[in-house]
$ cat data.txt   # compact mmCIF, C-alpha atoms
# COMPACT_ATOMS: atom_id res chain seq x y z
CA MET A 1 25.55 7.36 -228.85
CA SER A 2 25.52 9.34 -232.12
CA GLY A 3 21.70 9.47 -232.09
CA PHE A 4 21.79 10.78 -228.53
CA ILE A 5 24.27 13.54 -229.48
CA ILE A 6 22.27 14.60 -232.56
CA GLN A 7 19.04 14.74 -230.53
CA ARG A 8 20.62 16.92 -227.84
CA CYS A 9 22.18 19.27 -230.42
CA LEU A 10 18.84 19.78 -232.19
CA GLN A 11 17.18 20.53 -228.87
CA ALA A 12 19.92 23.08 -228.12
CA VAL A 13 19.31 24.86 -231.45
CA VAL A 14 15.56 25.10 -230.79
CA VAL A 15 16.12 26.44 -227.28
CA MET A 16 18.58 29.09 -228.52
CA PHE A 17 16.15 30.30 -231.19
CA ALA A 18 13.33 30.60 -228.65
CA MET A 19 15.61 32.42 -226.21
CA SER A 20 16.75 34.89 -228.87
CA VAL A 21 13.12 35.85 -229.57
CA ILE A 22 12.28 36.23 -225.88
CA VAL A 23 15.41 38.26 -225.10
CA PHE A 24 15.11 40.54 -228.11
CA VAL A 25 11.44 41.30 -227.64
CA GLY A 26 11.79 41.70 -223.86
CA VAL A 27 14.75 44.11 -224.01
CA TYR A 28 13.50 46.15 -226.95
CA ALA A 29 10.04 46.53 -225.47
CA ILE A 30 11.33 48.20 -222.30
CA GLY A 31 12.41 51.82 -222.42
CA ASN A 32 13.84 53.94 -225.21
CA PRO A 33 17.63 54.37 -225.12
CA MET A 34 17.37 57.51 -227.21
CA ASP A 35 15.79 59.24 -224.21
CA VAL A 36 19.09 58.66 -222.41
CA LEU A 37 21.54 59.20 -225.28
CA ILE A 38 19.94 62.21 -227.00
CA PRO A 39 19.75 65.52 -225.11
CA LEU A 40 16.23 66.71 -224.38
CA ASP A 41 16.86 70.00 -226.16
CA ALA A 42 18.05 68.34 -229.40
CA PRO A 43 16.09 69.41 -232.54
CA GLN A 44 13.46 66.98 -233.76
CA ASP A 45 15.16 66.43 -237.12
CA VAL A 46 18.44 65.55 -235.39
CA ARG A 47 16.57 63.19 -233.09
CA GLU A 48 14.87 61.44 -236.01
CA LEU A 49 18.18 61.15 -237.86
CA ILE A 50 19.89 59.45 -234.91
CA ILE A 51 16.95 57.09 -234.37
CA ALA A 52 17.02 56.11 -238.06
CA ARG A 53 20.79 55.63 -237.90
CA PHE A 54 20.40 53.03 -235.17
CA GLY A 55 17.47 51.42 -236.99
CA LEU A 56 15.07 52.05 -234.12
CA ASP A 57 12.44 53.49 -236.48
CA LEU A 58 11.84 50.07 -238.04
CA PRO A 59 9.13 47.66 -236.89
CA LEU A 60 10.25 45.28 -234.14
CA TRP A 61 10.03 42.20 -236.38
CA ARG A 62 12.31 43.81 -238.97
CA GLN A 63 14.78 44.81 -236.27
CA TYR A 64 14.82 41.20 -235.09
CA LEU A 65 15.39 39.79 -238.58
CA ILE A 66 18.25 42.24 -239.16
CA PHE A 67 19.69 41.32 -235.77
CA LEU A 68 19.38 37.59 -236.56
CA GLY A 69 21.14 38.05 -239.88
CA ASN A 70 23.96 39.96 -238.23
CA VAL A 71 24.32 37.35 -235.49
CA ALA A 72 24.62 34.64 -238.14
CA GLN A 73 27.71 36.56 -239.33
CA GLY A 74 29.08 36.91 -235.79
CA ASP A 75 28.01 40.55 -235.41
CA PHE A 76 26.01 41.50 -232.29
CA GLY A 77 26.04 45.19 -233.17
CA ARG A 78 27.79 48.18 -231.63
CA SER A 79 27.33 49.57 -228.16
CA PHE A 80 25.28 52.77 -228.05
CA VAL A 81 27.42 54.11 -225.20
CA TYR A 82 30.95 52.91 -226.01
CA ALA A 83 30.57 52.97 -229.83
CA ILE A 84 32.57 49.76 -230.25
CA PRO A 85 31.48 46.23 -231.27
CA VAL A 86 29.58 44.55 -228.46
CA LEU A 87 31.58 41.33 -228.64
CA ASP A 88 34.83 43.26 -228.29
CA LEU A 89 33.42 45.11 -225.28
CA ILE A 90 32.27 41.92 -223.56
CA ALA A 91 35.50 40.11 -224.46
CA SER A 92 37.52 42.88 -222.82
CA ARG A 93 35.67 42.32 -219.51
CA LEU A 94 35.30 38.53 -219.71
CA PRO A 95 38.80 37.49 -218.51
CA ALA A 96 38.28 39.19 -215.15
CA THR A 97 34.93 37.48 -214.60
CA LEU A 98 36.26 34.14 -215.86
CA GLU A 99 39.22 34.29 -213.50
CA LEU A 100 37.03 35.11 -210.51
CA THR A 101 34.50 32.41 -211.41
CA LEU A 102 37.05 29.65 -211.91
CA ALA A 103 38.79 30.50 -208.64
CA ALA A 104 35.48 30.42 -206.74
CA VAL A 105 33.87 27.32 -208.26
CA ILE A 106 36.99 25.16 -208.50
CA GLY A 107 37.97 26.14 -204.97
CA ALA A 108 34.48 25.29 -203.71
CA ALA A 109 34.55 21.90 -205.44
CA VAL A 110 38.08 20.96 -204.35
CA ILE A 111 37.32 21.81 -200.72
CA GLY A 112 33.59 21.02 -200.55
CA VAL A 113 33.49 17.54 -202.09
CA PRO A 114 36.08 15.95 -199.73
CA LEU A 115 34.45 17.65 -196.73
CA GLY A 116 31.02 16.43 -197.83
CA ILE A 117 32.27 12.86 -198.35
CA TRP A 118 33.83 12.89 -194.90
CA ALA A 119 30.64 14.28 -193.35
CA GLY A 120 28.62 11.52 -195.01
CA TYR A 121 31.15 8.82 -194.17
CA ARG A 122 31.28 9.76 -190.47
CA PRO A 123 27.88 11.43 -189.95
CA ASP A 124 27.91 11.25 -186.15
CA SER A 125 31.39 12.65 -185.56
CA LEU A 126 32.05 16.12 -184.16
CA SER A 127 33.94 17.10 -187.32
CA SER A 128 30.96 16.12 -189.47
CA LYS A 129 28.59 18.22 -187.41
CA THR A 130 31.01 21.16 -187.57
CA ILE A 131 31.23 20.85 -191.35
CA MET A 132 27.44 20.82 -191.69
CA GLY A 133 27.16 23.84 -189.38
CA VAL A 134 29.53 25.78 -191.64
CA SER A 135 27.50 24.74 -194.69
CA ILE A 136 24.31 26.08 -193.10
CA LEU A 137 26.00 29.46 -192.66
CA GLY A 138 27.03 29.39 -196.30
CA PHE A 139 23.41 28.93 -197.35
CA SER A 140 21.91 31.39 -194.89
CA VAL A 141 24.13 34.49 -194.98
CA PRO A 142 23.56 36.92 -197.89
CA THR A 143 26.47 37.34 -200.30
CA PHE A 144 26.54 41.13 -200.12
CA TRP A 145 26.68 41.05 -196.30
CA VAL A 146 29.54 38.55 -196.29
CA GLY A 147 31.40 40.69 -198.81
CA LEU A 148 31.08 43.79 -196.65
CA ILE A 149 32.21 41.88 -193.56
CA LEU A 150 35.24 40.50 -195.44
CA ILE A 151 36.22 44.01 -196.54
CA LEU A 152 35.69 45.44 -193.07
CA THR A 153 37.70 42.68 -191.39
CA PHE A 154 40.62 41.94 -193.73
CA ALA A 155 40.96 45.27 -195.55
CA VAL A 156 39.92 47.92 -193.00
CA TRP A 157 40.65 46.49 -189.55
CA LEU A 158 43.57 44.14 -190.27
CA GLY A 159 44.84 45.77 -193.46
CA TRP A 160 46.00 42.43 -194.84
CA LEU A 161 44.23 42.51 -198.21
CA PRO A 162 43.03 45.19 -200.65
CA ALA A 163 39.37 46.16 -200.49
CA GLY A 164 38.71 46.12 -204.22
CA GLY A 165 40.01 46.29 -207.75
CA ARG A 166 41.82 43.65 -209.76
CA GLY A 167 45.41 44.66 -209.27
CA PRO A 168 48.26 44.10 -211.74
CA VAL A 169 47.71 41.64 -214.59
CA ASP A 170 49.99 39.53 -216.79
CA VAL A 171 49.16 38.64 -220.38
CA VAL A 172 49.31 34.87 -220.97
CA PHE A 173 48.25 33.49 -224.38
CA GLY A 174 46.72 36.88 -225.16
CA VAL A 175 44.53 36.90 -222.01
CA GLU A 176 45.02 39.08 -218.95
CA TRP A 177 45.40 37.17 -215.65
CA SER A 178 46.07 38.42 -212.15
CA ILE A 179 46.82 35.04 -210.57
CA PHE A 180 50.49 35.01 -211.56
CA SER A 181 51.59 37.59 -209.01
CA LEU A 182 51.20 37.81 -205.24
CA GLU A 183 49.61 41.24 -205.49
CA GLY A 184 47.14 39.98 -208.06
CA LEU A 185 46.26 37.00 -205.87
CA SER A 186 45.74 39.32 -202.90
CA HIS A 187 43.15 41.26 -204.93
CA LEU A 188 41.48 38.02 -206.05
CA LEU A 189 41.26 36.32 -202.66
CA LEU A 190 38.43 38.23 -200.98
CA PRO A 191 36.00 38.32 -203.94
CA ALA A 192 36.73 34.66 -204.72
CA VAL A 193 36.02 33.62 -201.11
CA ASN A 194 32.85 35.69 -201.07
CA LEU A 195 31.63 34.14 -204.32
CA ALA A 196 32.62 30.61 -203.29
CA LEU A 197 30.85 30.38 -199.91
CA PHE A 198 27.42 29.47 -201.28
CA LYS A 199 28.96 27.04 -203.80
CA LEU A 200 31.04 25.47 -201.03
CA ALA A 201 27.96 24.88 -198.87
CA MET A 202 26.12 23.35 -201.83
CA MET A 203 29.00 21.00 -202.69
CA ILE A 204 29.30 19.87 -199.06
CA ARG A 205 25.61 19.06 -198.70
CA LEU A 206 25.41 17.39 -202.10
CA ALA A 207 28.47 15.20 -201.49
CA ARG A 208 27.29 14.33 -197.98
CA ALA A 209 23.79 13.31 -199.13
CA GLY A 210 25.21 11.22 -201.97
CA THR A 211 27.75 9.53 -199.71
CA ARG A 212 25.18 8.60 -197.07
CA GLU A 213 22.94 7.12 -199.74
CA VAL A 214 25.74 5.18 -201.43
CA MET A 215 27.10 3.79 -198.16
CA LEU A 216 23.85 1.85 -197.70
CA THR A 217 23.95 0.18 -201.12
CA ASP A 218 24.90 -3.43 -201.83
CA THR A 219 27.94 -2.26 -203.79
CA ILE A 220 29.62 -0.94 -200.65
CA LYS A 221 28.56 -3.98 -198.61
CA PHE A 222 30.07 -6.37 -201.16
CA ALA A 223 33.24 -4.24 -201.38
CA ARG A 224 33.68 -4.46 -197.62
CA ALA A 225 32.92 -8.16 -197.68
CA ALA A 226 35.65 -8.56 -200.29
CA GLY A 227 38.12 -7.05 -197.85
CA LEU A 228 38.80 -3.80 -199.67
CA ALA A 229 40.35 -1.01 -197.64
CA GLU A 230 38.04 1.86 -196.65
CA ARG A 231 40.20 4.33 -198.59
CA THR A 232 39.82 2.21 -201.73
CA ILE A 233 36.06 1.95 -201.22
CA VAL A 234 35.71 5.70 -200.93
CA LEU A 235 37.92 6.57 -203.89
CA ARG A 236 36.90 3.77 -206.25
CA HIS A 237 33.21 3.28 -205.46
CA VAL A 238 31.73 6.14 -203.42
CA LEU A 239 33.31 8.95 -205.42
CA LYS A 240 32.37 7.31 -208.72
CA LEU A 241 28.74 6.72 -207.70
CA ILE A 242 28.19 10.30 -206.51
CA SER A 243 30.04 11.86 -209.47
CA VAL A 244 26.97 12.31 -211.72
CA PRO A 245 25.08 14.82 -209.52
CA ILE A 246 28.35 16.55 -208.62
CA VAL A 247 29.23 16.98 -212.31
CA THR A 248 25.75 18.38 -212.92
CA VAL A 249 25.92 20.91 -210.10
CA PHE A 250 29.50 21.87 -210.92
CA GLY A 251 28.61 22.65 -214.53
CA LEU A 252 25.46 24.59 -213.70
CA GLU A 253 27.13 26.54 -210.90
CA LEU A 254 30.06 27.38 -213.15
CA GLY A 255 27.66 28.81 -215.71
CA SER A 256 25.48 30.67 -213.22
CA THR A 257 28.48 32.13 -211.41
CA LEU A 258 30.08 33.25 -214.66
CA ALA A 259 26.84 34.88 -215.76
CA PHE A 260 25.61 36.37 -212.51
CA ALA A 261 28.62 37.38 -210.41
CA VAL A 262 27.12 40.87 -210.37
CA VAL A 263 26.86 41.42 -206.61
CA THR A 264 30.42 40.33 -205.85
CA GLU A 265 31.88 42.32 -208.74
CA THR A 266 29.99 45.42 -207.61
CA ILE A 267 31.01 45.15 -203.95
CA PHE A 268 34.69 44.55 -204.72
CA SER A 269 34.84 46.86 -207.78
CA TRP A 270 35.92 43.90 -209.87
CA PRO A 271 36.06 45.02 -213.54
CA GLY A 272 34.14 42.13 -215.03
CA VAL A 273 31.09 41.48 -217.18
CA GLY A 274 28.71 41.83 -214.24
CA LYS A 275 29.56 45.47 -213.71
CA LEU A 276 29.31 46.06 -217.45
CA ILE A 277 25.75 44.73 -217.63
CA ILE A 278 24.68 46.87 -214.67
CA ASP A 279 26.05 49.96 -216.40
CA SER A 280 24.33 48.91 -219.64
CA ILE A 281 20.96 48.53 -217.93
CA THR A 282 21.34 51.98 -216.38
CA SER A 283 22.09 53.58 -219.76
CA LEU A 284 19.67 51.33 -221.73
CA ASP A 285 22.51 50.14 -223.95
CA ARG A 286 20.33 47.63 -225.80
CA PRO A 287 22.96 45.88 -227.95
CA VAL A 288 25.07 45.07 -224.89
CA MET A 289 22.04 43.84 -222.92
CA VAL A 290 20.76 41.63 -225.76
CA ALA A 291 24.20 40.21 -226.54
CA TYR A 292 24.91 39.49 -222.88
CA LEU A 293 21.62 37.69 -222.29
CA ILE A 294 21.90 35.64 -225.47
CA LEU A 295 25.47 34.68 -224.67
CA VAL A 296 24.36 33.68 -221.18
CA ALA A 297 21.61 31.51 -222.69
CA LEU A 298 24.17 29.98 -225.07
CA LEU A 299 26.47 29.32 -222.13
CA PHE A 300 23.78 27.44 -220.21
CA VAL A 301 22.65 25.48 -223.27
CA THR A 302 26.26 24.48 -223.97
CA ILE A 303 26.86 23.50 -220.36
CA ASN A 304 23.70 21.40 -220.26
CA LEU A 305 24.73 19.74 -223.52
CA LEU A 306 28.16 18.93 -222.12
CA ILE A 307 26.59 17.63 -218.91
CA ASP A 308 24.31 15.34 -220.93
CA LEU A 309 27.34 14.02 -222.80
CA ALA A 310 29.20 13.56 -219.51
CA TYR A 311 26.19 11.60 -218.23
CA ALA A 312 26.41 9.33 -221.27
CA VAL A 313 30.10 8.70 -220.58
CA LEU A 314 29.62 8.09 -216.85
CA ASP A 315 26.49 5.99 -217.33
CA PRO A 316 25.97 4.53 -220.86
CA ARG A 317 22.35 3.70 -219.95
CA VAL A 318 21.54 7.42 -220.22
CA ALA A 319 22.55 7.50 -223.88
CA ARG A 320 20.52 4.40 -224.66
CA ARG A 321 17.41 5.83 -222.99
CA GLY A 322 17.87 9.24 -224.65
CA ALA A 323 18.25 7.79 -228.14
CA ALA A 324 15.32 5.41 -227.71
$ encode --input "data.txt" --output "structure tokens"
Amino acid sequence: MSGFIIQRCLQAVVVMFAMSVIVFVGVYAIGNPMDVLIPLDAPQDVRELIIARFGLDLPLWRQYLIFLGNVAQGDFGRSFVYAIPVLDLIASRLPATLELTLAAVIGAAVIGVPLGIWAGYRPDSLSSKTIMGVSILGFSVPTFWVGLILILTFAVWLGWLPAGGRGPVDVVFGVEWSIFSLEGLSHLLLPAVNLALFKLAMMIRLARAGTREVMLTDTIKFARAAGLAERTIVLRHVLKLISVPIVTVFGLELGSTLAFAVVTETIFSWPGVGKLIIDSITSLDRPVMVAYLILVALLFVTINLLIDLAYAVLDPRVARRGAA
């Protein structure tokens, strides 16, 4: 097990180094932020002074080495636009995105997995076909269109829920949350539902496919022959056997939703990291763009590492094969 963990950690370090090079070169090779930040009528000497101040007059490889040294000390630089440390800027927006992501992904898993198991356990029933029909809609309908329909229906026509914004927040353990008040929950509901629909459809189809496959195995046949109740078979055997792919998808979807909830945050004016990165791209705020992309890469590498470790716990054969 220790050899498996060491191997995965070394792979994660190599991937992060490669990603830092790709992100840095890609972002710094596109556009010049000084064209946006410095007025066109600024004197040339002032322009050169500002460029030198930000270190943009140095060769790209030297900029990267300086950046790498700063990152090693936990410094991702300062935002060109906001003039504050990038990590502080991202951290100020992260709680909103984290709250929205957790509500969407956990809700999709809690609802989708039981529905998928039922659809796989009773594949020919009317309820199963209804569940699969809903999952097809979740895959097929674009997120932005669903968001607009939700706003039009529940905010404009019915007036039940607010159309956007985060609402009032409460500080718990130094982090701002809106889930501890009814008004905050009313602001969270529509964007969370909009973000969760695709995840819900994926969880349903994944759990259904796994259940149908497991129900044909000898394990289930022997369990039934032993006289176990169907409820016990589902909870003790079926759920355990389909847990590995579900854990994988849950982890990856959590990471991708946290990193790329841009459309939902834009539609519902949710003040999260997604809106921040859109604004940074518009203003060519390079430090924010680089830090965001590297942190996203780190998030996915960490999630994949944790998933690999979860594999090893759920199925010890994975660790033995990985360390071999």
$ residues_around --input "data.txt" --residues "Gly272 of chain A" --least-positions-apart "6" --cutoff "10 Å" --atoms "only C-alpha atoms" --output "mmCIF file with C-alpha atoms, in the frame of the given file"
data_model
loop_
_atom_site.group_PDB
_atom_site.id
_atom_site.type_symbol
_atom_site.label_atom_id
_atom_site.label_comp_id
_atom_site.auth_asym_id
_atom_site.auth_seq_id
_atom_site.Cartn_x
_atom_site.Cartn_y
_atom_site.Cartn_z
ATOM 1 C CA ILE A 90 32.270 41.920 -223.560
ATOM 2 C CA ALA A 91 35.500 40.110 -224.460
ATOM 3 C CA SER A 92 37.520 42.880 -222.820
ATOM 4 C CA ARG A 93 35.670 42.320 -219.510
ATOM 5 C CA LEU A 94 35.300 38.530 -219.710
ATOM 6 C CA PRO A 95 38.800 37.490 -218.510
ATOM 7 C CA ALA A 96 38.280 39.190 -215.150
ATOM 8 C CA THR A 97 34.930 37.480 -214.600
ATOM 9 C CA LEU A 98 36.260 34.140 -215.860
ATOM 10 C CA GLU A 99 39.220 34.290 -213.500
ATOM 11 C CA LEU A 100 37.030 35.110 -210.510
ATOM 12 C CA ARG A 166 41.820 43.650 -209.760
ATOM 13 C CA LEU A 258 30.080 33.250 -214.660
ATOM 14 C CA ALA A 261 28.620 37.380 -210.410
ATOM 15 C CA VAL A 262 27.120 40.870 -210.370
ATOM 16 C CA GLU A 265 31.880 42.320 -208.740
ATOM 17 C CA THR A 266 29.990 45.420 -207.610
#
$ closest_residue --input "data.txt" --among "A:Val234, A:Val86, A:Ala52, A:Leu195" --to "Trp145 of chain A" --atoms "all atoms listed in the file"
A:Leu195
$ closest_residue --input "data.txt" --among "A:Val290, A:Asp218, A:Leu56, A:Leu305" --to "Phe76 of chain A" --atoms "all atoms listed in the file"
A:Val290
$ atom_distance --input "data.txt" --atom1 "atom CA of Val263 of chain A" --atom2 "atom CA of Pro142 of chain A"
10.4 Å
$ residues_around --input "data.txt" --residues "segment 177-181 of chain A" --least-positions-apart "2" --cutoff "12 Å" --atoms "all atoms listed in the file" --output "ChimeraX atom specification"
/A:93-100,102-103,165-175,183-189,192,270
$ write_last_selection --input "data.txt" --atoms "C-alpha atoms" --output "PDB file, in the frame of the given file"
ATOM      1  CA  ARG A  93      35.670  42.320-219.510  1.00  0.00           C
ATOM      2  CA  LEU A  94      35.300  38.530-219.710  1.00  0.00           C
ATOM      3  CA  PRO A  95      38.800  37.490-218.510  1.00  0.00           C
ATOM      4  CA  ALA A  96      38.280  39.190-215.150  1.00  0.00           C
ATOM      5  CA  THR A  97      34.930  37.480-214.600  1.00  0.00           C
ATOM      6  CA  LEU A  98      36.260  34.140-215.860  1.00  0.00           C
ATOM      7  CA  GLU A  99      39.220  34.290-213.500  1.00  0.00           C
ATOM      8  CA  LEU A 100      37.030  35.110-210.510  1.00  0.00           C
ATOM      9  CA  LEU A 102      37.050  29.650-211.910  1.00  0.00           C
ATOM     10  CA  ALA A 103      38.790  30.500-208.640  1.00  0.00           C
ATOM     11  CA  GLY A 165      40.010  46.290-207.750  1.00  0.00           C
ATOM     12  CA  ARG A 166      41.820  43.650-209.760  1.00  0.00           C
ATOM     13  CA  GLY A 167      45.410  44.660-209.270  1.00  0.00           C
ATOM     14  CA  PRO A 168      48.260  44.100-211.740  1.00  0.00           C
ATOM     15  CA  VAL A 169      47.710  41.640-214.590  1.00  0.00           C
ATOM     16  CA  ASP A 170      49.990  39.530-216.790  1.00  0.00           C
ATOM     17  CA  VAL A 171      49.160  38.640-220.380  1.00  0.00           C
ATOM     18  CA  VAL A 172      49.310  34.870-220.970  1.00  0.00           C
ATOM     19  CA  PHE A 173      48.250  33.490-224.380  1.00  0.00           C
ATOM     20  CA  GLY A 174      46.720  36.880-225.160  1.00  0.00           C
ATOM     21  CA  VAL A 175      44.530  36.900-222.010  1.00  0.00           C
ATOM     22  CA  GLU A 183      49.610  41.240-205.490  1.00  0.00           C
ATOM     23  CA  GLY A 184      47.140  39.980-208.060  1.00  0.00           C
ATOM     24  CA  LEU A 185      46.260  37.000-205.870  1.00  0.00           C
ATOM     25  CA  SER A 186      45.740  39.320-202.900  1.00  0.00           C
ATOM     26  CA  HIS A 187      43.150  41.260-204.930  1.00  0.00           C
ATOM     27  CA  LEU A 188      41.480  38.020-206.050  1.00  0.00           C
ATOM     28  CA  LEU A 189      41.260  36.320-202.660  1.00  0.00           C
ATOM     29  CA  ALA A 192      36.730  34.660-204.720  1.00  0.00           C
ATOM     30  CA  TRP A 270      35.920  43.900-209.870  1.00  0.00           C
TER      31      TRP A 270
END
$ atom_distance --input "data.txt" --atom1 "atom CA of Asp308 of chain A" --atom2 "atom CA of Leu239 of chain A"
19.0 Å
